[in-house]
Amino acid sequence: MSRPRQTRIQQRNSEAILEAALEVFAAQGFRGATLDQIAEVAGLSKPNLLYYFPSKEAIHLALLSQLLETWLDPLKAMNPEGDPVQEILAYVRRKLELSRDFPRESRLFANEILQGAPRLRPVIETDLKDLVEEKAAVLDRWMTEGRIARLHPVHLIFSIWALTQHYADFDMQVRAVLGKAEPDPFPEAGLYLETVFRRLLAV
């Protein structure tokens with residue numbers, strides 16, 4: 001039986017709770033966050049919050065599920081019939097844009113993985129794994145056709161994740177090291193990563 005469609009007020013309150021939870025989880029971590037803190041930031045009473053989500057775990061899972069969908073979309077968009085180098089560089093750019101635009105979400109996901117993915121493990125072992133295997137097969141075909149250099153396709157995807165998500169997960173470190181000379185690291189990061197991957201993929 002499906003849940004009744006939410007009213008505008010209910011939808012607004014749900015969104016407020018998730019936004020507040022993202023702020024609290026990003027600052028306190030899952031273990032340090034409390035429903036009282038989330039309710040306060042959302043501007044709702046705790047009983048009102050519990051009307052929408054039965055537990056802290058439910059809120060956390062809802063956030064992670066939304067995030068994983070957002071995180072997977074750029075990989076899904078890699079076109080098997082496109083130009084290999086351009087498709088891979090477009091994926092790198094989209095991943096870097098996600099790090100720029102959704103740093104809190106990236107850190108939330110990283111914290112979940114560092115804790116052993118207690119809430120996301122089933123999805124990671126199915127949907128994520130299946131998608132990576134599908135795109136790795138595309139990369140392998142491009143390599144076999146001689147259109148890009150022979151590399152381990154899954155580790156190529158891993159390297160893209162590492163080199164782009166670093167700018168979100170270690171934002172403070174990046175900005176502290178670059179200092180005032182480069183207050184916005186993303187333009188130069190984009191140019192650097194494009195150079196790295198063009199050279200890496202060159203036949």
# chains A, B, ... in the order shown; residues from 1 in each chain; ligands from 1
>>> residues_around(residues="stretch 191-198 of chain A", least_positions_apart="3", cutoff="9 Å", atoms="only C-alpha atoms", output="list in words")
Val85, Ile88, Leu89, Val92, Arg93, Ile160, Leu163, Thr164, Phe186, Pro187, Glu188, Leu201 and Ala202 of chain A
>>> select_by_dssp(residues="stretch 44-176 of chain A", states="alpha helix (DSSP H)", output="ChimeraX atom specification")
/A:46-52,56-76,84-101,103-114,121-123,129-144,153-169,171-176
>>> write_last_selection(atoms="C-alpha atoms", output="CSV table (one decimal), in the first residue's frame")
chain,number,residue,atom,x,y,z
A,46,LYS,CA,10.6,16.8,18.1
A,47,PRO,CA,7.1,15.1,18.1
A,48,ASN,CA,6.4,16.9,14.8
A,49,LEU,CA,9.7,15.6,13.3
A,50,LEU,CA,8.8,12.1,14.4
A,51,TYR,CA,5.6,12.4,12.4
A,52,TYR,CA,7.7,12.5,9.3
A,56,LYS,CA,17.4,9.3,13.4
A,57,GLU,CA,18.4,6.2,11.3
A,58,ALA,CA,15.4,6.8,9.0
A,59,ILE,CA,16.4,10.4,8.4
A,60,HIS,CA,20.0,9.4,7.8
A,61,LEU,CA,19.0,6.7,5.3
A,62,ALA,CA,16.7,9.1,3.4
A,63,LEU,CA,19.6,11.5,3.0
A,64,LEU,CA,22.0,8.8,2.0
A,65,SER,CA,19.6,7.4,-0.6
A,66,GLN,CA,19.0,10.8,-2.2
A,67,LEU,CA,22.8,11.4,-2.2
A,68,LEU,CA,23.7,8.1,-3.8
A,69,GLU,CA,21.2,8.7,-6.6
A,70,THR,CA,22.8,12.1,-7.2
A,71,TRP,CA,26.3,10.6,-7.0
A,72,LEU,CA,25.4,7.9,-9.5
A,73,ASP,CA,23.7,10.1,-12.1
A,74,PRO,CA,27.0,11.3,-13.8
A,75,LEU,CA,28.3,7.7,-14.2
A,76,LYS,CA,24.9,6.7,-15.6
A,84,PRO,CA,35.7,7.9,-25.1
A,85,VAL,CA,38.0,10.7,-24.0
A,86,GLN,CA,35.2,13.3,-24.0
A,87,GLU,CA,32.9,11.0,-22.1
A,88,ILE,CA,35.4,10.3,-19.4
A,89,LEU,CA,36.4,14.0,-19.1
A,90,ALA,CA,32.7,14.9,-18.9
A,91,TYR,CA,32.4,12.4,-16.1
A,92,VAL,CA,35.4,14.0,-14.3
A,93,ARG,CA,33.9,17.5,-14.7
A,94,ARG,CA,30.5,16.4,-13.4
A,95,LYS,CA,32.0,14.7,-10.4
A,96,LEU,CA,34.1,17.8,-9.6
A,97,GLU,CA,31.0,19.9,-9.9
A,98,LEU,CA,29.3,17.7,-7.3
A,99,SER,CA,32.2,18.2,-4.9
A,100,ARG,CA,31.9,21.9,-5.4
A,101,ASP,CA,28.1,22.1,-5.1
A,103,PRO,CA,30.4,19.3,-0.1
A,104,ARG,CA,28.3,18.4,3.0
A,105,GLU,CA,26.6,15.5,1.1
A,106,SER,CA,30.0,14.2,0.0
A,107,ARG,CA,31.3,14.2,3.6
A,108,LEU,CA,28.1,12.5,4.8
A,109,PHE,CA,28.6,9.7,2.2
A,110,ALA,CA,32.3,9.4,3.1
A,111,ASN,CA,31.5,9.1,6.8
A,112,GLU,CA,29.0,6.3,6.1
A,113,ILE,CA,31.7,4.4,4.1
A,114,LEU,CA,34.3,4.9,6.7
A,121,ARG,CA,25.9,-1.7,2.2
A,122,PRO,CA,23.0,-3.5,0.5
A,123,VAL,CA,22.8,-0.7,-2.1
A,129,LYS,CA,28.4,-2.5,-8.0
A,130,ASP,CA,26.2,-3.3,-11.0
A,131,LEU,CA,26.5,0.2,-12.4
A,132,VAL,CA,30.3,0.2,-12.0
A,133,GLU,CA,30.6,-3.2,-13.7
A,134,GLU,CA,28.4,-2.0,-16.6
A,135,LYS,CA,30.5,1.1,-17.2
A,136,ALA,CA,33.7,-0.8,-16.7
A,137,ALA,CA,32.7,-3.0,-19.5
A,138,VAL,CA,32.2,0.1,-21.7
A,139,LEU,CA,35.7,1.3,-20.7
A,140,ASP,CA,37.2,-2.1,-21.5
A,141,ARG,CA,35.6,-2.1,-24.9
A,142,TRP,CA,37.0,1.3,-25.7
A,143,MET,CA,40.4,0.1,-24.6
A,144,THR,CA,40.1,-3.1,-26.7
A,153,PRO,CA,38.7,0.0,-15.9
A,154,VAL,CA,37.4,-0.2,-12.3
A,155,HIS,CA,40.5,1.4,-10.8
A,156,LEU,CA,40.1,4.1,-13.4
A,157,ILE,CA,36.7,4.8,-12.0
A,158,PHE,CA,38.1,4.7,-8.4
A,159,SER,CA,40.8,7.2,-9.3
A,160,ILE,CA,38.1,9.6,-10.7
A,161,TRP,CA,36.2,9.3,-7.4
A,162,ALA,CA,39.3,9.9,-5.4
A,163,LEU,CA,40.6,12.9,-7.3
A,164,THR,CA,37.3,14.7,-7.5
A,165,GLN,CA,35.7,13.9,-4.1
A,166,HIS,CA,39.0,14.9,-2.3
A,167,TYR,CA,38.0,18.6,-3.0
A,168,ALA,CA,34.8,18.1,-0.9
A,169,ASP,CA,35.9,15.7,1.7
A,171,ASP,CA,37.9,21.1,1.6
A,172,MET,CA,39.4,22.8,4.7
A,173,GLN,CA,42.8,21.2,4.0
A,174,VAL,CA,42.7,22.2,0.3
A,175,ARG,CA,41.8,25.8,1.1
A,176,ALA,CA,44.4,26.0,3.9
>>> closest_residue(among="A:Ala189, A:Leu35, A:Val41, A:Val177", to="A:Glu23", atoms="only C-alpha atoms")
A:Val41
>>> atom_distance(atom1="atom CA of A:Glu145", atom2="atom CA of A:Val203")
10.8 Å
>>> atom_distance(atom1="atom CA of A:Ala16", atom2="atom CA of A:Ala39")
9.3 Å
